[in-house]
file input.txt (compact mmCIF, C-alpha atoms)
# COMPACT_ATOMS: atom_id res chain seq x y z
CA MET C 1 0.00 0.00 0.00
CA PRO C 2 1.27 3.55 -0.64
CA LEU C 3 3.00 5.42 2.16
CA THR C 4 0.87 7.96 4.00
CA SER C 5 1.75 11.65 4.09
CA HIS C 6 2.98 11.27 7.68
CA GLN C 7 5.16 8.31 6.71
CA ILE C 8 6.63 10.17 3.74
CA ASP C 9 7.53 13.07 6.04
CA ARG C 10 9.13 10.67 8.51
CA LEU C 11 11.20 8.94 5.83
CA ALA C 12 12.26 12.24 4.19
CA ALA C 13 13.38 13.59 7.57
CA ALA C 14 15.42 10.43 8.20
CA ILE C 15 17.12 10.72 4.80
CA ALA C 16 17.98 14.37 5.45
CA ALA C 17 19.32 13.54 8.91
CA HIS C 18 21.56 10.65 7.87
CA TRP C 19 22.60 11.27 4.24
CA ALA C 20 24.41 14.00 2.33
CA PHE C 21 23.10 15.26 -1.04
CA SER C 22 25.73 13.20 -2.86
CA GLY C 23 24.87 9.91 -1.17
CA PHE C 24 21.13 10.30 -1.66
CA THR C 25 21.52 11.45 -5.28
CA MET C 26 23.75 8.48 -6.13
CA PHE C 27 21.25 6.08 -4.52
CA ALA C 28 18.33 7.52 -6.53
CA LYS C 29 20.26 7.47 -9.81
CA ASP C 30 21.62 3.94 -9.32
CA TYR C 31 18.24 2.32 -8.73
CA TRP C 32 15.71 4.57 -10.52
CA GLU C 33 17.80 6.75 -12.88
CA LEU C 34 16.24 9.78 -11.20
CA ASP C 35 18.03 12.91 -10.04
CA PRO C 36 16.24 14.35 -6.98
CA GLY C 37 17.85 17.70 -7.78
CA ASN C 38 15.87 17.85 -11.01
CA LEU C 39 12.61 17.00 -9.21
CA ALA C 40 13.04 19.82 -6.69
CA PRO C 41 15.81 22.16 -7.90
CA ASN C 42 17.70 24.21 -5.30
CA GLN C 43 15.62 22.81 -2.46
CA PRO C 44 16.87 21.43 0.90
CA LEU C 45 17.61 17.73 1.03
CA LYS C 46 14.45 17.00 3.03
CA VAL C 47 12.29 18.61 0.33
CA GLN C 48 14.13 16.75 -2.43
CA ALA C 49 13.71 13.49 -0.57
CA ARG C 50 10.01 14.09 0.00
CA THR C 51 9.48 14.97 -3.69
CA PHE C 52 11.38 11.86 -4.77
CA ILE C 53 9.42 9.57 -2.41
CA SER C 54 6.11 11.12 -3.49
CA ASP C 55 7.03 10.53 -7.14
CA LEU C 56 7.67 6.83 -6.49
CA ASN C 57 4.57 6.64 -4.31
CA SER C 58 2.27 7.99 -7.02
CA ARG C 59 3.24 5.46 -9.68
CA LEU C 60 1.08 2.54 -10.76
CA PRO C 61 1.90 0.27 -9.14
CA PRO C 62 3.34 2.39 -6.31
CA GLY C 63 7.12 2.16 -5.91
CA ASP C 64 7.22 2.78 -2.18
CA ARG C 65 7.79 -0.84 -1.17
CA ASP C 66 10.70 -1.22 -3.58
CA LEU C 67 12.19 1.98 -2.13
CA LEU C 68 11.84 0.73 1.45
CA VAL C 69 13.37 -2.65 0.63
CA LYS C 70 16.36 -1.01 -1.03
CA LEU C 71 16.81 1.41 1.87
CA ARG C 72 16.68 -1.49 4.29
CA ASP C 73 19.01 -3.78 2.38
CA HIS C 74 21.29 -1.56 0.30
CA SER C 75 21.52 1.97 1.74
CA GLY C 76 24.44 1.09 3.98
CA VAL C 77 23.05 3.48 6.61
CA PRO C 78 21.83 1.58 9.72
CA ALA C 79 19.51 4.37 10.89
CA LEU C 80 17.77 4.52 7.50
CA ALA C 81 17.57 0.75 7.33
CA ALA C 82 15.84 0.72 10.72
CA VAL C 83 13.23 3.31 9.65
CA ALA C 84 12.57 1.41 6.42
CA LYS C 85 12.10 -1.85 8.31
CA ILE C 86 9.48 -0.27 10.58
CA LEU C 87 7.62 1.21 7.61
CA LEU C 88 7.64 -2.15 5.83
CA GLU C 89 6.19 -3.90 8.86
CA PRO C 90 4.45 -1.18 10.91
CA PRO C 91 3.52 -2.25 14.46
CA TYR C 92 0.44 -0.04 14.28
CA LEU C 93 -1.54 2.19 11.93
CA SER C 94 -2.64 5.63 13.10
CA PRO C 95 -4.33 8.36 11.05
CA THR C 96 -2.12 10.90 12.86
CA GLU C 97 1.02 8.78 13.39
CA ASP C 98 0.37 9.29 17.12
CA PRO C 99 0.31 5.86 18.81
CA HIS C 100 -2.55 7.05 21.06
CA ASP C 101 -4.72 7.31 17.93
CA ALA C 102 -3.86 3.86 16.55
CA ILE C 103 -6.73 2.14 14.73
CA LEU C 104 -4.83 -1.04 13.85
CA LEU C 105 -2.44 -2.86 16.17
CA GLY C 106 -0.50 -4.98 13.73
CA ARG C 107 -3.53 -6.13 11.72
CA ALA C 108 -5.93 -6.24 14.66
CA PRO C 109 -8.53 -3.45 14.74
CA PHE C 110 -8.88 -1.16 17.71
CA VAL C 111 -12.12 0.78 17.33
CA ASP C 112 -13.23 3.94 19.16
CA ARG C 113 -12.39 3.97 22.95
CA ALA C 114 -11.84 7.74 22.85
CA VAL C 115 -12.11 8.05 26.64
CA LEU C 116 -9.55 5.31 27.23
CA ARG C 117 -7.15 6.89 24.73
CA ASP C 118 -7.46 10.23 26.49
CA HIS C 119 -6.96 8.75 29.97
CA LEU C 120 -3.83 6.91 28.92
CA ARG C 121 -2.11 10.13 27.93
CA GLU C 122 -1.52 10.63 31.66
CA PHE C 123 0.18 7.23 31.83
CA THR C 124 2.36 8.00 28.82
CA ASN C 125 3.19 11.57 29.89
CA PRO C 126 3.60 11.15 33.65
CA THR C 127 4.28 14.03 35.99
CA ALA C 128 4.39 14.34 39.77
CA ASN C 129 0.65 15.07 39.74
CA THR C 130 -0.69 12.41 37.37
CA THR C 131 -2.40 9.22 38.47
CA HIS C 132 -0.77 5.79 38.51
CA VAL C 133 -4.09 3.89 38.41
CA LEU C 134 -6.71 3.27 35.73
CA ILE C 135 -9.89 1.25 36.22
CA ILE C 136 -11.72 -0.18 33.19
CA ARG C 137 -15.31 -1.12 34.05
CA GLY C 138 -18.09 -3.02 32.34
CA ASP C 139 -20.63 -5.75 32.98
CA GLY C 140 -20.65 -8.77 30.70
CA PRO C 141 -18.83 -8.79 27.33
CA CYS C 142 -18.20 -5.20 26.29
CA GLY C 143 -14.54 -5.00 25.35
CA LYS C 144 -12.77 -4.75 28.71
CA THR C 145 -10.13 -7.38 27.97
CA TYR C 146 -9.96 -6.08 24.38
CA SER C 147 -8.28 -3.07 26.02
CA TRP C 148 -5.22 -5.16 26.92
CA SER C 149 -3.75 -5.12 23.41
CA PHE C 150 -3.96 -1.33 23.34
CA LEU C 151 -2.37 -1.00 26.78
CA ARG C 152 0.53 -3.22 25.73
CA HIS C 153 0.93 -1.26 22.48
CA LEU C 154 1.06 2.14 24.22
CA ALA C 155 3.38 1.02 27.00
CA LYS C 156 5.93 -0.19 24.49
CA THR C 157 5.68 2.46 21.77
CA THR C 158 5.55 5.55 24.00
CA LEU C 159 7.68 4.68 27.03
CA GLY C 160 9.48 1.45 26.23
CA ALA C 161 7.67 0.09 29.28
CA GLU C 162 6.84 -3.55 29.93
CA ALA C 163 3.12 -4.32 30.19
CA THR C 164 2.30 -7.52 32.06
CA ARG C 165 -1.18 -8.98 32.55
CA VAL C 166 -2.51 -11.20 35.35
CA GLN C 167 -5.59 -13.06 34.09
CA LEU C 168 -7.39 -13.90 37.31
CA ALA C 169 -10.01 -16.15 35.68
CA GLU C 170 -7.28 -18.41 34.28
CA MET C 171 -5.03 -18.40 37.34
CA GLU C 172 -7.84 -19.13 39.85
CA PHE C 173 -5.84 -18.07 42.89
CA THR C 174 -7.23 -19.43 46.17
CA GLU C 175 -5.48 -17.03 48.53
CA PRO C 176 -3.91 -13.55 48.31
CA GLU C 177 -0.36 -14.80 48.87
CA GLU C 178 -0.50 -16.84 45.65
CA PHE C 179 -1.75 -13.79 43.77
CA VAL C 180 0.86 -11.35 45.09
CA THR C 181 3.66 -13.90 44.59
CA ASP C 182 2.65 -14.17 40.94
CA ILE C 183 2.87 -10.38 40.60
CA PHE C 184 6.32 -10.38 42.21
CA LEU C 185 7.53 -12.87 39.63
CA ARG C 186 6.06 -10.90 36.72
CA LEU C 187 7.81 -7.74 37.87
CA GLY C 188 11.13 -9.47 38.45
CA LEU C 189 10.92 -9.03 42.22
CA ASP C 190 12.17 -11.50 44.81
CA PRO C 191 9.19 -13.51 46.17
CA ASP C 192 11.23 -14.35 49.28
CA ARG C 193 10.54 -10.76 50.33
CA LEU C 194 6.90 -11.77 50.76
CA ARG C 195 7.46 -14.26 53.55
CA LEU C 196 5.01 -13.50 56.33
CA PRO C 197 5.83 -13.97 60.02
CA ALA C 198 4.81 -17.33 61.45
CA LEU C 199 1.58 -17.13 63.46
CA LEU C 200 -0.05 -19.71 65.71
CA ASP C 201 -3.48 -18.92 64.33
CA LYS C 202 -4.25 -18.43 60.68
CA PRO C 203 -4.73 -14.68 60.24
CA GLN C 204 -7.82 -13.11 58.70
CA PRO C 205 -7.54 -12.56 54.90
CA ALA C 206 -7.65 -8.78 55.37
CA ARG C 207 -4.67 -8.91 57.73
CA THR C 208 -2.73 -11.15 55.38
CA THR C 209 -3.48 -8.87 52.45
CA LYS C 210 -2.31 -5.82 54.36
CA SER C 211 1.04 -7.47 55.11
CA LEU C 212 1.42 -8.64 51.51
CA VAL C 213 0.66 -5.21 50.08
CA SER C 214 3.12 -3.56 52.45
CA ALA C 215 5.84 -5.96 51.29
CA PHE C 216 4.82 -5.40 47.67
CA ILE C 217 4.93 -1.61 47.73
CA GLY C 218 8.29 -1.68 49.52
CA GLN C 219 9.75 -3.67 46.64
CA ALA C 220 7.85 -1.75 43.94
CA ARG C 221 9.72 1.41 44.92
CA ARG C 222 12.93 -0.34 43.85
CA LEU C 223 11.84 -1.19 40.30
CA GLN C 224 14.47 0.00 37.83
CA ASP C 225 12.39 -0.54 34.69
CA ARG C 226 8.94 0.83 33.93
CA TYR C 227 6.01 -1.55 34.24
CA TRP C 228 2.29 -1.37 33.56
CA LEU C 229 0.68 -4.05 35.73
CA VAL C 230 -2.70 -5.04 34.28
CA ILE C 231 -4.97 -7.12 36.54
CA ASP C 232 -7.74 -8.59 34.38
CA ASP C 233 -11.01 -10.53 34.93
CA ILE C 234 -11.75 -9.00 38.35
CA ASN C 235 -15.50 -9.30 37.73
CA ASP C 236 -15.31 -12.95 36.64
CA GLU C 237 -17.44 -15.29 38.75
CA LYS C 238 -14.49 -17.61 39.33
CA VAL C 239 -12.49 -14.89 41.12
CA ILE C 240 -12.98 -15.08 44.89
CA PRO C 241 -13.64 -11.88 46.92
CA GLU C 242 -10.28 -12.06 48.73
CA ILE C 243 -8.45 -11.77 45.40
CA CYS C 244 -10.64 -8.86 44.28
CA ASP C 245 -9.89 -7.12 47.56
CA ALA C 246 -6.16 -7.74 47.14
CA ALA C 247 -6.20 -6.30 43.60
CA TYR C 248 -7.94 -3.17 44.87
CA ALA C 249 -5.49 -2.88 47.79
CA ILE C 250 -2.53 -3.07 45.41
CA ALA C 251 -3.99 -0.33 43.21
CA ARG C 252 -4.72 1.84 46.25
CA SER C 253 -1.17 1.45 47.58
CA VAL C 254 0.35 2.30 44.19
CA GLU C 255 -1.77 5.44 43.88
CA HIS C 256 -0.88 6.50 47.41
CA GLU C 257 2.86 5.80 47.17
CA GLN C 258 3.31 6.43 43.41
CA PRO C 259 6.46 4.34 42.88
CA ALA C 260 8.44 5.93 40.06
CA ASN C 261 8.25 3.01 37.64
CA LEU C 262 4.90 1.29 38.26
CA TRP C 263 1.36 1.91 36.99
CA VAL C 264 -1.65 -0.33 37.62
CA VAL C 265 -4.75 -1.05 35.53
CA LEU C 266 -7.71 -2.94 37.01
CA ILE C 267 -9.97 -4.47 34.36
CA GLY C 268 -13.45 -5.44 35.52
CA TYR C 269 -13.43 -3.77 38.94
CA ASN C 270 -17.03 -2.58 38.88
CA GLU C 271 -17.53 -1.55 42.51
CA PRO C 272 -18.09 2.19 43.12
CA ILE C 273 -14.96 4.07 44.20
CA ASN C 274 -15.61 6.18 47.29
CA ASP C 275 -12.06 6.15 48.64
CA GLU C 276 -10.44 9.58 48.91
CA GLU C 277 -7.07 7.96 48.23
CA LEU C 278 -8.36 7.23 44.72
CA SER C 279 -10.01 10.57 44.00
CA TRP C 280 -7.80 11.33 40.99
CA ILE C 281 -7.59 7.96 39.31
CA LYS C 282 -8.92 7.50 35.79
CA GLN C 283 -11.98 5.35 35.08
CA ASP C 284 -13.30 4.10 31.74
CA ASP C 285 -16.55 2.32 30.89
CA ALA C 286 -15.75 -0.20 28.15
CA ARG C 287 -18.22 -0.57 25.32
CA PHE C 288 -18.57 -2.48 22.08
CA PRO C 289 -18.61 0.02 19.19
CA ASN C 290 -21.88 1.06 17.60
CA ALA C 291 -22.38 1.44 13.84
CA GLU C 292 -21.41 5.13 13.80
CA LEU C 293 -18.10 4.51 15.53
CA LEU C 294 -17.34 1.46 13.40
CA ALA C 295 -18.05 3.45 10.23
CA LYS C 296 -15.57 6.12 11.32
CA HIS C 297 -13.01 3.35 11.90
CA PHE C 298 -13.43 2.12 8.32
CA GLU C 299 -13.22 5.68 7.00
CA PHE C 300 -9.97 6.27 8.90
CA ILE C 301 -8.35 3.11 7.55
CA ALA C 302 -9.33 3.85 3.94
CA ALA C 303 -8.23 7.50 4.13
CA THR C 304 -4.95 6.70 5.88
CA VAL C 305 -3.76 4.45 3.05
CA GLY C 306 -4.88 6.85 0.32
CA CYS C 307 -7.97 4.95 -0.86
CA PRO C 308 -10.84 6.90 0.77
CA ILE C 309 -14.43 5.69 0.86
CA THR C 310 -17.56 7.79 1.36
CA PRO C 311 -19.16 8.07 4.82
CA GLU C 312 -22.24 6.39 3.36
CA LYS C 313 -20.27 3.39 2.17
CA ALA C 314 -18.46 3.08 5.49
CA ARG C 315 -21.76 3.25 7.37
CA GLY C 316 -23.21 0.61 5.05
CA HIS C 317 -20.38 -1.80 5.96
CA ALA C 318 -20.89 -1.07 9.66
CA ASP C 319 -24.67 -1.56 9.48
CA ASP C 320 -24.24 -4.84 7.62
CA ILE C 321 -21.84 -6.14 10.27
CA LEU C 322 -23.75 -5.02 13.36
CA GLY C 323 -27.28 -5.12 12.01
CA THR C 324 -28.07 -8.67 13.11
CA VAL C 325 -26.78 -8.29 16.69
CA SER C 326 -28.25 -5.96 19.32
CA LYS C 327 -26.25 -7.01 22.38
CA PRO C 328 -23.50 -9.42 21.36
CA THR C 329 -22.34 -12.31 23.51
CA LYS C 330 -18.63 -12.86 24.01
CA ALA C 331 -18.59 -15.51 21.25
CA GLU C 332 -20.43 -13.15 18.89
CA MET C 333 -18.05 -10.32 19.75
CA ILE C 334 -15.09 -12.53 18.79
CA SER C 335 -16.81 -13.47 15.52
CA LEU C 336 -17.69 -9.85 14.70
CA THR C 337 -14.16 -8.72 15.50
CA LYS C 338 -12.81 -11.16 12.93
CA ILE C 339 -15.18 -9.75 10.31
CA ILE C 340 -14.19 -6.17 11.23
CA GLU C 341 -10.55 -7.21 10.89
CA SER C 342 -11.21 -8.73 7.46
CA VAL C 343 -13.00 -5.61 6.20
CA GLY C 344 -10.22 -3.38 7.54
CA GLU C 345 -7.58 -5.50 5.81
CA ARG C 346 -9.33 -5.18 2.44
CA LEU C 347 -9.67 -1.41 2.90
CA ARG C 348 -6.00 -1.24 3.89
CA LEU C 349 -5.11 -2.92 0.61
CA GLY C 350 -7.45 -0.71 -1.42
CA GLN C 351 -9.72 -3.62 -2.33
CA GLU C 352 -13.51 -3.83 -2.67
CA VAL C 353 -15.45 -5.14 0.30
CA ASP C 354 -18.11 -7.83 -0.14
CA LEU C 355 -19.69 -8.91 3.13
CA ARG C 356 -22.19 -11.37 1.68
CA ALA C 357 -19.85 -14.34 2.07
CA GLN C 358 -19.03 -13.50 5.70
CA LEU C 359 -22.44 -12.71 7.20
call {"tool": "encode", "arguments": {"input": "input.txt", "output": "structure tokens"}}
result
Amino acid sequence: MPLTSHQIDRLAAAIAAHWAFSGFTMFAKDYWELDPGNLAPNQPLKVQARTFISDLNSRLPPGDRDLLVKLRDHSGVPALAAVAKILLEPPYLSPTEDPHDAILLGRAPFVDRAVLRDHLREFTNPTANTTHVLIIRGDGPCGKTYSWSFLRHLAKTTLGAEATRVQLAEMEFTEPEEFVTDIFLRLGLDPDRLRLPALLDKPQPARTTKSLVSAFIGQARRLQDRYWLVIDDINDEKVIPEICDAAYAIARSVEHEQPANLWVVLIGYNEPINDEELSWIKQDDARFPNAELLAKHFEFIAATVGCPITPEKARGHADDILGTVSKPTKAEMISLTKIIESVGERLRLGQEVDLRAQL
């Protein structure tokens, strides 16, 4: 698919930063018998590069992929090769090039969630006054866990942070110590630091949790790398109340202490938050996209790759996909997501969409 305007700007800036006129001109002449100086006479190298890339991009078929492959394999400039590699296999697609606005993660669609995107800007641009806790709510299947892929994407692309997810429904912890030990291991902490003092009587779960959280936050302050700890499935029926309480206690302690390199996301914690310690946290109500939002998603994809479709056509695709389902089950959501992914892929490639075979 042709490079977007943002991508052309990015590549032209990289060429100007890492090549001299002579090196770039020789490269263009050797492979395409084109002199960038003739395309944009007396212009700065960045302008010449952009004009040259746009010329290749506008051909039928577009020559952008051939350009990127040659930059990657034959430019002899590691920095340019790295940029070309990313553009050949982009980790995400965003209409603005801003990772917060990504609409495809790899090839997986990420539709709407404007509130979540906005909240996460505090995670990705932290200051002394920003929250370290986000709660994603929702009853039943509505896209809560779907948020995980976006969290992982943003952590990596904006901060180089490690996102790690604890799936409570799969782990089925029976006591808080198991749960907190698992978190220690995921964050590279020493679980021996969790050893509780020996007691003659088995302590109440709340007392155990308090001791575990104190040990946890003491070690969390020592984290050298940035982590986003995502605790998922809190509202699942298989998760016992003691584990839900421990997850909340961990989030509360992180917000209170604000360790420099740790942020926490609770997915499925649907209880009201009345705790003053959590007054400034961010909260998001997950939702499955409606037809209007899905149509905008299709429009964005088509426009981003230079093959725009009309709003009416995009809305037609969205209505066809969602028209038979009023409140989708989890299985139906998975099925619909696959169809949305398929439509997005065809739009990304500039191909016609025919939904009759999929619905």
call {"tool": "residues_around", "arguments": {"input": "input.txt", "residues": "Glu292 of chain C", "least_positions_apart": "3", "cutoff": "8 Å", "atoms": "only C-alpha atoms", "output": "list in words"}}
result
Pro289, Ala295, Lys296, Arg315 and Ala318 of chain C
call {"tool": "residues_around", "arguments": {"input": "input.txt", "residues": "Ile334 of chain C", "least_positions_apart": "4", "cutoff": "12 Å", "atoms": "all atoms listed in the file", "output": "list in words"}}
result
Ala108, Pro109, Pro141, Cys142, Gly143, Thr145, Tyr146, Phe288, Pro328, Thr329, Lys330, Lys338, Ile339, Ile340 and Glu341 of chain C
call {"tool": "atom_distance", "arguments": {"input": "input.txt", "atom1": "atom CA of Tyr92 of chain C", "atom2": "atom CA of Leu3 of chain C"}}
result
13.5 Å
call {"tool": "residues_near_point", "arguments": {"input": "input.txt", "point": "(-18.2, 2.2, 7.7)", "cutoff": "10 Å", "atoms": "only C-alpha atoms", "output": "list in words"}}
result
Ala291, Glu292, Leu293, Leu294, Ala295, Lys296, His297, Phe298, Glu299, Phe300, Ile301, Ala302, Ile309, Thr310, Pro311, Glu312, Lys313, Ala314, Arg315, Gly316, His317, Ala318, Asp319, Asp320, Ile321, Ile340, Val343 and Gly344 of chain C
call {"tool": "atom_distance", "arguments": {"input": "input.txt", "atom1": "atom CA of Ile53 of chain C", "atom2": "atom CA of Glu89 of chain C"}}
result
17.9 Å
call {"tool": "atom_distance", "arguments": {"input": "input.txt", "atom1": "atom CA of Arg72 of chain C", "atom2": "atom CA of Phe27 of chain C"}}
result
12.5 Å
call {"tool": "residues_around", "arguments": {"input": "input.txt", "residues": "Ala79 of chain C", "least_positions_apart": "6", "cutoff": "12 Å", "atoms": "all atoms listed in the file", "output": "ChimeraX atom specification"}}
result
/C:11,13-19,71-73,85-86
call {"tool": "write_last_selection", "arguments": {"input": "input.txt", "atoms": "C-alpha atoms", "output": "CSV table (one decimal), in the frame of the given file"}}
result
chain,number,residue,atom,x,y,z
C,11,LEU,CA,11.2,8.9,5.8
C,13,ALA,CA,13.4,13.6,7.6
C,14,ALA,CA,15.4,10.4,8.2
C,15,ILE,CA,17.1,10.7,4.8
C,16,ALA,CA,18.0,14.4,5.4
C,17,ALA,CA,19.3,13.5,8.9
C,18,HIS,CA,21.6,10.6,7.9
C,19,TRP,CA,22.6,11.3,4.2
C,71,LEU,CA,16.8,1.4,1.9
C,72,ARG,CA,16.7,-1.5,4.3
C,73,ASP,CA,19.0,-3.8,2.4
C,85,LYS,CA,12.1,-1.8,8.3
C,86,ILE,CA,9.5,-0.3,10.6
call {"tool": "residues_around", "arguments": {"input": "input.txt", "residues": "Ala155 of chain C", "least_positions_apart": "5", "cutoff": "8 Å", "atoms": "all atoms listed in the file", "output": "PyMOL selection string"}}
result
chain C and resi 124+160-163+228
call {"tool": "closest_residue", "arguments": {"input": "input.txt", "among": "C:Thr25, C:Gln7, C:Ser253, C:Ser149", "to": "Pro95 of chain C", "atoms": "all atoms listed in the file"}}
result
C:Gln7
call {"tool": "residues_around", "arguments": {"input": "input.txt", "residues": "Ile217 of chain C", "least_positions_apart": "5", "cutoff": "8 Å", "atoms": "all atoms listed in the file", "output": "list of chain:residue names"}}
result
C:Ile250, C:Ser253, C:Val254, C:Glu257, C:Pro259
call {"tool": "residues_near_point", "arguments": {"input": "input.txt", "point": "(-6.7, 12.5, 40.0)", "cutoff": "8 Å", "atoms": "only C-alpha atoms", "output": "list in words"}}
result
Asn129, Thr130, Thr131, Leu278, Ser279, Trp280, Ile281 and Lys282 of chain C
call {"tool": "build_atoms", "arguments": {"input": "input.txt", "residues": "segment 125-145 of chain C", "atoms": "N, CA and C atoms", "output": "PDB file, keeping the file's coordinate frame"}}
result
ATOM      1  N   ASN C 125       2.515  10.287  29.643  1.00  0.00           N
ATOM      2  CA  ASN C 125       3.190  11.570  29.890  1.00  0.00           C
ATOM      3  C   ASN C 125       3.134  11.868  31.385  1.00  0.00           C
ATOM      4  N   PRO C 126       3.753  11.016  32.200  1.00  0.00           N
ATOM      5  CA  PRO C 126       3.600  11.150  33.650  1.00  0.00           C
ATOM      6  C   PRO C 126       4.310  12.367  34.214  1.00  0.00           C
ATOM      7  N   THR C 127       3.664  12.964  35.216  1.00  0.00           N
ATOM      8  CA  THR C 127       4.280  14.030  35.990  1.00  0.00           C
ATOM      9  C   THR C 127       4.085  13.692  37.464  1.00  0.00           C
ATOM     10  N   ALA C 128       4.551  14.578  38.335  1.00  0.00           N
ATOM     11  CA  ALA C 128       4.390  14.340  39.770  1.00  0.00           C
ATOM     12  C   ALA C 128       2.932  14.363  40.195  1.00  0.00           C
ATOM     13  N   ASN C 129       2.056  14.917  39.354  1.00  0.00           N
ATOM     14  CA  ASN C 129       0.650  15.070  39.740  1.00  0.00           C
ATOM     15  C   ASN C 129      -0.303  14.147  38.989  1.00  0.00           C
ATOM     16  N   THR C 130       0.208  13.284  38.124  1.00  0.00           N
ATOM     17  CA  THR C 130      -0.690  12.410  37.370  1.00  0.00           C
ATOM     18  C   THR C 130      -0.898  11.088  38.099  1.00  0.00           C
ATOM     19  N   THR C 131      -2.031  10.463  37.807  1.00  0.00           N
ATOM     20  CA  THR C 131      -2.400   9.220  38.470  1.00  0.00           C
ATOM     21  C   THR C 131      -1.529   8.054  38.017  1.00  0.00           C
ATOM     22  N   HIS C 132      -1.447   7.043  38.861  1.00  0.00           N
ATOM     23  CA  HIS C 132      -0.770   5.790  38.510  1.00  0.00           C
ATOM     24  C   HIS C 132      -1.771   4.644  38.389  1.00  0.00           C
ATOM     25  N   VAL C 133      -3.072   4.953  38.415  1.00  0.00           N
ATOM     26  CA  VAL C 133      -4.090   3.890  38.410  1.00  0.00           C
ATOM     27  C   VAL C 133      -5.192   4.215  37.402  1.00  0.00           C
ATOM     28  N   LEU C 134      -5.580   3.200  36.640  1.00  0.00           N
ATOM     29  CA  LEU C 134      -6.710   3.270  35.730  1.00  0.00           C
ATOM     30  C   LEU C 134      -7.613   2.077  36.002  1.00  0.00           C
ATOM     31  N   ILE C 135      -8.920   2.326  36.055  1.00  0.00           N
ATOM     32  CA  ILE C 135      -9.890   1.250  36.220  1.00  0.00           C
ATOM     33  C   ILE C 135     -10.778   1.207  34.977  1.00  0.00           C
ATOM     34  N   ILE C 136     -10.869   0.026  34.357  1.00  0.00           N
ATOM     35  CA  ILE C 136     -11.720  -0.180  33.190  1.00  0.00           C
ATOM     36  C   ILE C 136     -12.902  -1.039  33.624  1.00  0.00           C
ATOM     37  N   ARG C 137     -14.109  -0.466  33.526  1.00  0.00           N
ATOM     38  CA  ARG C 137     -15.310  -1.120  34.050  1.00  0.00           C
ATOM     39  C   ARG C 137     -16.124  -1.742  32.919  1.00  0.00           C
ATOM     40  N   GLY C 138     -17.139  -2.491  33.309  1.00  0.00           N
ATOM     41  CA  GLY C 138     -18.090  -3.020  32.340  1.00  0.00           C
ATOM     42  C   GLY C 138     -18.663  -4.342  32.795  1.00  0.00           C
ATOM     43  N   ASP C 139     -19.978  -4.496  32.658  1.00  0.00           N
ATOM     44  CA  ASP C 139     -20.630  -5.750  32.980  1.00  0.00           C
ATOM     45  C   ASP C 139     -20.762  -6.588  31.711  1.00  0.00           C
ATOM     46  N   GLY C 140     -20.504  -7.877  31.842  1.00  0.00           N
ATOM     47  CA  GLY C 140     -20.650  -8.770  30.700  1.00  0.00           C
ATOM     48  C   GLY C 140     -19.621  -8.454  29.626  1.00  0.00           C
ATOM     49  N   PRO C 141     -19.785  -9.025  28.420  1.00  0.00           N
ATOM     50  CA  PRO C 141     -18.830  -8.790  27.330  1.00  0.00           C
ATOM     51  C   PRO C 141     -19.042  -7.412  26.712  1.00  0.00           C
ATOM     52  N   CYS C 142     -18.066  -6.555  26.848  1.00  0.00           N
ATOM     53  CA  CYS C 142     -18.200  -5.200  26.290  1.00  0.00           C
ATOM     54  C   CYS C 142     -16.864  -4.648  25.817  1.00  0.00           C
ATOM     55  N   GLY C 143     -15.822  -5.460  25.856  1.00  0.00           N
ATOM     56  CA  GLY C 143     -14.540  -5.000  25.350  1.00  0.00           C
ATOM     57  C   GLY C 143     -13.521  -4.635  26.404  1.00  0.00           C
ATOM     58  N   LYS C 144     -13.742  -5.078  27.655  1.00  0.00           N
ATOM     59  CA  LYS C 144     -12.770  -4.750  28.710  1.00  0.00           C
ATOM     60  C   LYS C 144     -11.414  -5.374  28.413  1.00  0.00           C
ATOM     61  N   THR C 145     -11.398  -6.688  28.210  1.00  0.00           N
ATOM     62  CA  THR C 145     -10.130  -7.380  27.970  1.00  0.00           C
ATOM     63  C   THR C 145      -9.539  -6.995  26.622  1.00  0.00           C
TER      64      THR C 145
END
